[in-house]
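With mmCIF, C-alpha atoms inside, this is structure26.cif:
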data_data
#
loop_
_atom_site.label_atom_id
_atom_site.label_comp_id
_atom_site.auth_asym_id
_atom_site.auth_seq_id
_atom_site.Cartn_x
_atom_site.Cartn_y
_atom_site.Cartn_z
CA MET A 214 30.29 9.60 106.23
CA ASN A 215 32.59 7.38 108.20
CA THR A 216 35.55 7.94 105.84
CA ILE A 217 38.81 6.06 106.48
CA GLU A 218 42.01 6.64 104.51
CA ILE A 219 43.80 3.48 103.33
CA LEU A 220 47.57 3.85 103.36
CA SER A 221 48.73 0.22 103.29
CA LEU A 222 47.91 -2.55 100.86
CA ASP A 223 48.04 -4.95 103.81
CA ASP A 224 45.21 -3.29 105.74
CA GLU A 225 42.99 -6.17 106.89
CA ARG A 226 39.92 -3.93 106.93
CA VAL A 227 39.79 -4.06 103.12
CA ALA A 228 40.58 -7.77 102.76
CA ALA A 229 37.15 -8.41 101.23
CA PHE A 230 38.05 -6.14 98.32
CA ALA A 231 41.55 -7.44 97.75
CA ARG A 232 42.69 -10.74 99.23
CA LEU A 233 39.69 -12.99 99.83
CA THR A 234 38.87 -15.51 97.12
CA GLU A 235 35.32 -15.88 95.83
CA ALA A 236 35.01 -19.10 97.84
CA GLN A 237 36.05 -17.27 100.99
CA LEU A 238 33.61 -14.47 100.24
CA ARG A 239 30.79 -16.98 99.81
CA ASN A 240 31.76 -18.68 103.09
CA LYS A 241 29.79 -21.84 102.40
CA LEU A 242 30.19 -23.12 105.96
CA GLU A 243 28.47 -20.04 107.37
CA PRO A 244 26.44 -18.49 104.54
CA GLU A 245 24.92 -15.92 106.89
CA LEU A 246 28.42 -14.44 107.15
CA GLY A 247 29.05 -14.53 103.41
CA VAL A 248 29.89 -11.43 101.40
CA PHE A 249 29.64 -10.36 97.78
CA ILE A 250 31.05 -7.30 96.00
CA ALA A 251 28.89 -4.82 94.08
CA GLU A 252 30.68 -2.55 91.64
CA SER A 253 29.67 0.96 90.45
CA PRO A 254 27.17 3.39 92.02
CA LYS A 255 24.26 2.28 89.80
CA VAL A 256 24.69 -1.40 90.69
CA ILE A 257 25.14 -0.60 94.38
CA LYS A 258 21.99 1.55 94.34
CA ARG A 259 19.96 -1.29 92.81
CA ALA A 260 21.32 -3.69 95.42
CA LEU A 261 20.35 -1.33 98.25
CA ASP A 262 16.91 -0.79 96.69
CA ALA A 263 16.46 -4.58 96.77
CA GLY A 264 17.23 -4.63 100.49
CA MET A 265 20.85 -5.80 100.41
CA GLU A 266 22.91 -4.90 103.50
CA ALA A 267 26.01 -2.76 102.94
CA LEU A 268 29.04 -3.70 105.06
CA SER A 269 31.68 -1.30 103.72
CA PHE A 270 32.55 0.86 100.71
CA LEU A 271 35.81 1.33 98.84
CA ALA A 272 36.07 4.49 96.74
CA GLU A 273 38.63 6.68 95.07
CA ARG A 274 38.89 10.08 96.77
CA ASP A 275 37.31 12.02 93.92
CA LYS A 276 34.35 9.61 93.88
CA LEU A 277 33.38 10.15 97.52
CA PRO A 278 30.46 12.45 96.54
CA LEU A 279 28.95 9.46 94.69
CA VAL A 280 29.16 7.36 97.85
CA GLU A 281 27.48 9.87 100.15
CA PRO A 282 23.85 9.16 99.07
CA LEU A 283 24.56 5.42 99.04
CA ALA A 284 25.95 5.52 102.59
CA ALA A 285 22.94 7.60 103.66
CA GLN A 286 20.57 5.02 102.14
CA ALA A 287 22.44 2.19 103.87
CA GLU A 288 22.06 4.01 107.19
CA CYS A 289 18.33 4.51 106.61
CA GLN A 290 18.06 0.77 105.99
CA GLY A 291 19.60 -0.07 109.35
CA ALA A 292 23.36 -0.03 108.71
CA PRO A 293 24.71 3.08 110.49
CA ASP A 294 28.32 4.25 110.20
CA VAL A 295 29.21 1.93 107.33
CA PRO A 296 32.94 2.51 106.80
CA VAL A 297 33.95 4.18 103.54
CA TYR A 298 37.55 3.28 102.79
CA THR A 299 39.30 5.59 100.39
CA GLY A 300 42.67 6.32 98.83
CA SER A 301 44.32 7.39 95.61
CA THR A 302 43.43 5.72 92.31
CA GLU A 303 46.92 4.23 92.18
CA VAL A 304 46.74 2.71 95.67
CA LEU A 305 43.26 1.28 95.18
CA THR A 306 44.12 -0.20 91.78
CA ARG A 307 47.15 -1.90 93.30
CA LEU A 308 45.01 -3.05 96.21
CA THR A 309 42.23 -4.65 94.18
CA GLY A 310 44.25 -5.70 91.14
CA PHE A 311 41.85 -3.99 88.74
CA GLU A 312 40.63 -0.50 87.91
CA LEU A 313 37.46 0.29 89.84
CA THR A 314 34.40 0.76 87.65
CA ARG A 315 33.31 4.35 88.25
CA GLY A 316 35.61 4.33 91.27
CA VAL A 317 33.30 2.66 93.82
CA LEU A 318 32.91 -0.85 95.30
CA CYS A 319 30.65 -2.06 98.09
CA ALA A 320 30.96 -5.21 100.20
CA MET A 321 27.47 -6.49 100.97
CA ARG A 322 25.97 -9.25 103.08
CA ARG A 323 25.12 -12.30 100.99
CA PRO A 324 21.38 -13.00 101.33
CA ALA A 325 20.05 -16.40 102.33
CA LEU A 326 18.62 -18.22 99.31
CA PRO A 327 15.00 -19.42 99.43
CA SER A 328 13.93 -22.93 98.53
CA VAL A 329 12.81 -23.55 94.95
CA SER A 330 9.21 -24.10 95.98
CA ASP A 331 9.10 -20.94 98.11
CA LEU A 332 10.70 -18.86 95.36
CA LEU A 333 8.33 -20.03 92.64
CA SER A 334 5.18 -19.72 94.74
CA THR A 335 5.45 -15.91 95.00
CA CYS A 336 7.66 -14.10 92.52
CA ARG A 337 8.00 -10.49 91.40
CA ASN A 338 4.31 -9.57 91.36
CA GLY A 339 3.32 -11.71 94.29
CA ASP A 340 1.89 -14.36 91.96
CA ALA A 341 3.21 -17.84 91.30
CA ALA A 342 5.90 -18.05 88.62
CA ARG A 343 4.87 -18.97 85.08
CA ARG A 344 8.09 -18.46 83.12
CA ILE A 345 11.48 -19.35 84.56
CA ALA A 346 15.01 -19.98 83.30
CA VAL A 347 17.25 -22.81 84.50
CA LEU A 348 21.00 -22.36 83.99
CA GLU A 349 22.76 -25.72 83.70
CA GLY A 350 26.49 -25.54 84.31
CA ILE A 351 27.01 -22.10 82.75
CA VAL A 352 30.46 -21.06 83.95
CA ASP A 353 31.14 -17.81 82.11
CA HIS A 354 30.36 -14.94 84.48
CA THR A 355 29.65 -12.55 81.60
CA ASN A 356 27.05 -14.90 80.13
CA VAL A 357 25.31 -15.38 83.47
CA GLY A 358 25.17 -11.63 84.05
CA ALA A 359 23.80 -11.05 80.54
CA ILE A 360 21.16 -13.77 81.01
CA PHE A 361 19.95 -12.11 84.20
CA ARG A 362 19.75 -8.76 82.41
CA SER A 363 17.63 -10.32 79.66
CA ALA A 364 15.48 -12.12 82.24
CA ALA A 365 14.76 -8.82 83.98
CA ALA A 366 14.04 -6.96 80.75
CA LEU A 367 11.90 -9.66 79.13
CA ASP A 368 9.75 -10.46 82.15
CA MET A 369 10.98 -13.85 83.29
CA ASP A 370 9.64 -14.59 86.75
CA ALA A 371 12.70 -16.32 88.20
CA VAL A 372 16.09 -17.89 87.47
CA LEU A 373 17.35 -21.19 88.90
CA ALA A 374 21.05 -22.04 88.91
CA THR A 375 22.09 -25.69 88.93
CA PRO A 376 24.88 -26.80 91.31
CA THR A 377 27.53 -26.55 88.56
CA CYS A 378 26.52 -23.05 87.42
CA CYS A 379 28.86 -20.25 88.48
CA ASP A 380 27.89 -17.91 91.30
CA PRO A 381 25.41 -15.24 90.13
CA LEU A 382 26.72 -12.92 92.87
CA TYR A 383 30.28 -13.06 91.53
CA ARG A 384 31.49 -9.48 91.02
CA ARG A 385 31.59 -9.65 87.22
CA CYS A 386 28.16 -11.31 87.00
CA VAL A 387 26.65 -8.55 89.09
CA ARG A 388 28.34 -5.81 87.04
CA VAL A 389 27.40 -7.26 83.63
CA SER A 390 23.81 -7.65 84.81
CA MET A 391 23.84 -3.91 85.63
CA GLY A 392 22.35 -4.80 88.99
CA THR A 393 19.27 -6.45 87.48
CA ILE A 394 20.33 -9.60 89.31
CA PHE A 395 18.71 -7.96 92.34
CA GLN A 396 15.44 -7.52 90.45
CA VAL A 397 14.96 -11.13 89.34
CA PRO A 398 14.17 -13.73 92.03
CA TRP A 399 16.69 -16.57 91.91
CA THR A 400 18.02 -19.50 93.87
CA ARG A 401 19.94 -22.75 93.48
CA ILE A 402 18.14 -25.90 92.37
CA GLY A 403 20.04 -28.59 94.24
CA ASP A 404 23.10 -28.50 96.47
CA THR A 405 25.28 -31.16 94.83
CA VAL A 406 25.85 -32.43 91.30
CA GLN A 407 23.73 -35.46 92.14
CA ASP A 408 20.68 -33.19 92.53
CA TRP A 409 20.56 -32.33 88.81
CA PRO A 410 19.07 -33.16 86.38
CA ASP A 411 16.84 -36.02 87.60
CA ALA A 412 15.80 -34.69 91.00
CA GLY A 413 15.66 -31.09 89.83
CA ILE A 414 13.51 -31.71 86.77
CA SER A 415 11.22 -33.97 88.81
CA GLN A 416 10.79 -31.13 91.29
CA LEU A 417 9.91 -28.68 88.51
CA LYS A 418 7.35 -31.08 87.07
CA ALA A 419 5.83 -31.59 90.52
CA LEU A 420 5.42 -27.81 90.71
CA GLY A 421 3.46 -27.85 87.46
CA PHE A 422 6.18 -26.76 85.01
CA LYS A 423 6.71 -28.11 81.54
CA THR A 424 10.44 -28.16 80.83
CA VAL A 425 11.95 -26.97 77.54
CA ALA A 426 15.53 -27.92 76.68
CA LEU A 427 17.16 -25.44 74.30
CA ALA A 428 19.33 -27.76 72.23
CA LEU A 429 20.38 -28.58 68.67
CA SER A 430 18.74 -32.01 68.65
CA ASP A 431 17.36 -33.40 65.39
CA ASP A 432 13.90 -33.74 66.96
CA ALA A 433 13.82 -30.17 68.32
CA VAL A 434 10.81 -28.03 67.45
CA PRO A 435 11.21 -24.36 66.47
CA ILE A 436 11.17 -21.94 69.38
CA ASP A 437 7.99 -20.37 67.94
CA ASP A 438 6.04 -23.65 67.99
CA PRO A 439 2.54 -22.68 69.24
CA GLU A 440 2.43 -25.61 71.65
CA LEU A 441 5.29 -24.12 73.66
CA ALA A 442 3.69 -20.71 74.05
CA SER A 443 0.38 -22.28 75.05
CA GLN A 444 1.81 -23.90 78.19
CA ASP A 445 0.76 -22.27 81.44
CA LYS A 446 4.10 -22.85 83.18
CA LEU A 447 7.39 -23.18 81.31
CA ALA A 448 10.94 -23.74 82.55
CA LEU A 449 13.52 -22.92 79.84
CA VAL A 450 16.68 -24.94 80.40
CA LEU A 451 19.88 -23.38 79.03
CA GLY A 452 23.16 -25.28 78.79
CA THR A 453 26.81 -24.53 79.33
CA GLU A 454 29.03 -22.88 76.76
CA GLY A 455 30.41 -25.21 74.09
CA ASP A 456 28.85 -28.55 75.05
CA GLY A 457 25.34 -27.31 75.71
CA LEU A 458 22.89 -29.35 77.75
CA GLY A 459 23.71 -32.84 78.94
CA ALA A 460 22.08 -35.75 77.12
CA SER A 461 20.26 -36.86 80.29
CA THR A 462 18.85 -33.37 80.75
CA ILE A 463 17.53 -33.25 77.18
CA ALA A 464 15.99 -36.70 77.56
CA SER A 465 14.25 -35.69 80.81
CA CYS A 466 12.64 -32.51 79.45
CA ASP A 467 9.10 -32.37 78.08
CA PHE A 468 10.15 -30.46 74.94
CA VAL A 469 13.32 -29.80 72.99
CA ALA A 470 13.40 -26.50 71.11
CA ARG A 471 15.86 -24.66 68.91
CA ILE A 472 16.12 -21.20 67.41
CA PRO A 473 16.07 -21.54 63.59
CA MET A 474 19.36 -20.38 62.07
CA ARG A 475 20.41 -19.26 58.65
CA GLU A 476 22.23 -22.00 56.74
CA GLY A 477 25.87 -22.24 57.75
CA VAL A 478 25.30 -20.99 61.32
CA ASP A 479 24.49 -23.59 63.95
CA SER A 480 23.74 -21.59 67.09
CA LEU A 481 23.88 -18.37 69.10
CA ASN A 482 25.90 -17.63 72.20
CA VAL A 483 23.91 -18.83 75.23
CA ALA A 484 23.27 -15.28 76.47
CA ALA A 485 21.95 -14.17 73.07
CA ALA A 486 19.88 -17.35 72.74
CA SER A 487 18.33 -16.72 76.14
CA ALA A 488 17.11 -13.28 75.07
CA VAL A 489 15.46 -14.70 71.94
CA ALA A 490 13.82 -17.52 73.90
CA PHE A 491 12.65 -15.26 76.72
CA TRP A 492 11.00 -12.88 74.26
CA GLN A 493 9.38 -15.61 72.19
CA LEU A 494 8.02 -17.60 75.13
CA ARG A 495 7.13 -14.80 77.53
CA ALA A 496 3.82 -15.25 79.32
#

Please express what this file holds, its structure, as C-alpha cells.
Amino acid sequence: MNTIEILSLDDERVAAFARLTEAQLRNKLEPELGVFIAESPKVIKRALDAGMEALSFLAERDKLPLVEPLAAQAECQGAPDVPVYTGSTEVLTRLTGFELTRGVLCAMRRPALPSVSDLLSTCRNGDAARRIAVLEGIVDHTNVGAIFRSAAALDMDAVLATPTCCDPLYRRCVRVSMGTIFQVPWTRIGDTVQDWPDAGISQLKALGFKTVALALSDDAVPIDDPELASQDKLALVLGTEGDGLGASTIASCDFVARIPMREGVDSLNVAAASAVAFWQLRA
C-alpha cells in the first residue's frame, strides 16, 4: 500500500477528511470533482462493490490490515497507488474532530446523478421501477440513512430526493445506511425549490406513477387499503420531520394514506413509517 504518515494537523493532503465543509466536498460548481466520505470497512467495501472510485484512505495505524484488501480492490478497479494516510488514534481524532468508526475513512469520487426518467427506466434488476420513495425536505441525516436501509431491505426500486432534502451522501447518512445507499438507485427530483412539488409530481405522473402522500389527513385511507397495493406503479412521498408533507404536495398526490395508530399515538418517526409503508406496499 501507498502508506503515508500524517504528523501535522495542517497537512493539506487530508483536508477532505478534516477541513472541507460538506458544501465544499459536494463542489456544486464542478460536480465531477466532488467528493464524499465513506466510513468503516464494511461501508467502504459496499461503495467499492458499487463502482465508486476511491481517492484516498485515512486509517489508524492498527487498522491498516483492514485497509489492505480495500486498497487492492480500488487498484483492481482502476485507481492504482491510492494514498493511505495514517497516524495515531489521538492525532486522527484531533484531525477529524470525531472518533473514526472502526478506524477507517475513505474519500471517494462523487458519482454523477442520472435524470429521473433514466433512473426509473432501468433500476436494480434492469426493469422499469414499480415502487419508489420520494423524500420531501427530510433534513435529519440519520433518518435519511435509515430510510435508504429500509428501501434496500424491503425491495424499493429507487429513491428520489427533493431539492430541500439533505444530501444522501453525507457521511452520517452513508454510515447509518450501512452502505446500502450504494445498493438503491437514487437521484434528485428537481434542482431548485421551485421544481417541487408541482413539476416533480407532474413528472412522476407522466412516467406512469400513482403518488401516495403519507400524511395524517382526515381523508387518508389506511396504508393497507387494497386499492393502493393494486397499483402497478407507486411513488410513496414521505415528509420532513415535525411538519410532515406540505399542503400543496398532499393536494397534488393521487392518494393520501396513513398508518393506523393505537389511540393516543398520532404517528411514527419518518424512518420507522417508511419501513412499514415499504413492506405493506411492496410490489

Give me the residues near Asp437 (chain A) as a list in words, where near means some atom within 8 Å (using only C-alpha atoms) and where sequence neighbours in that chain fewer than 4 positions away do not count.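 The contact residues come out as Leu441, Ala442, Gln493 and Leu494 of chain A.
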
In Å to one decimal, how far is CA of Thr375 (chain A) from CA of Thr393 (chain A)? 19.5 Å

Can you work out which one of A:Cys336, A:Leu268, A:Cys289, A:Ala366 has the shortest atom-to-atom distance to Val489 (chain A), counting only C-alpha atoms? A:Ala366

Once the PyMOL selection byres ((chain A and resi 372) around 8) is applied to the coordinates I shared, what remains selected? I want it as a ChimeraX atom specification. /A:345-348,361,364,369-371,373-374,397-400

Which is closer to Val434 (chain A) than all the others in A:Ile257, A:Pro282, A:Arg471, A:Ile217, using only C-alpha atoms?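 Ranked by minimum distance to Val434 (chain A), first place goes to A:Arg471.
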
I'd like the interatomic distance between CA of Val387 (chain A) and CA of Asn215 (chain A), to a tenth of an Å. 25.6 Å

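The space between CA of Gly392 (chain A) and CA of Arg322 (chain A) spans 15.2 Å.
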
I'd like the residues picked by the PyMOL selection byres ((chain A and resi 253) around 12) written out as a count of residues only, using the chain letters and numbers from the file. 35

On this structure, which residues satisfy the PyMOL selection byres ((chain A and resi 428) around 7), written as a PyMOL selection string? chain A and resi 426-427+429-430+457-458+469-471
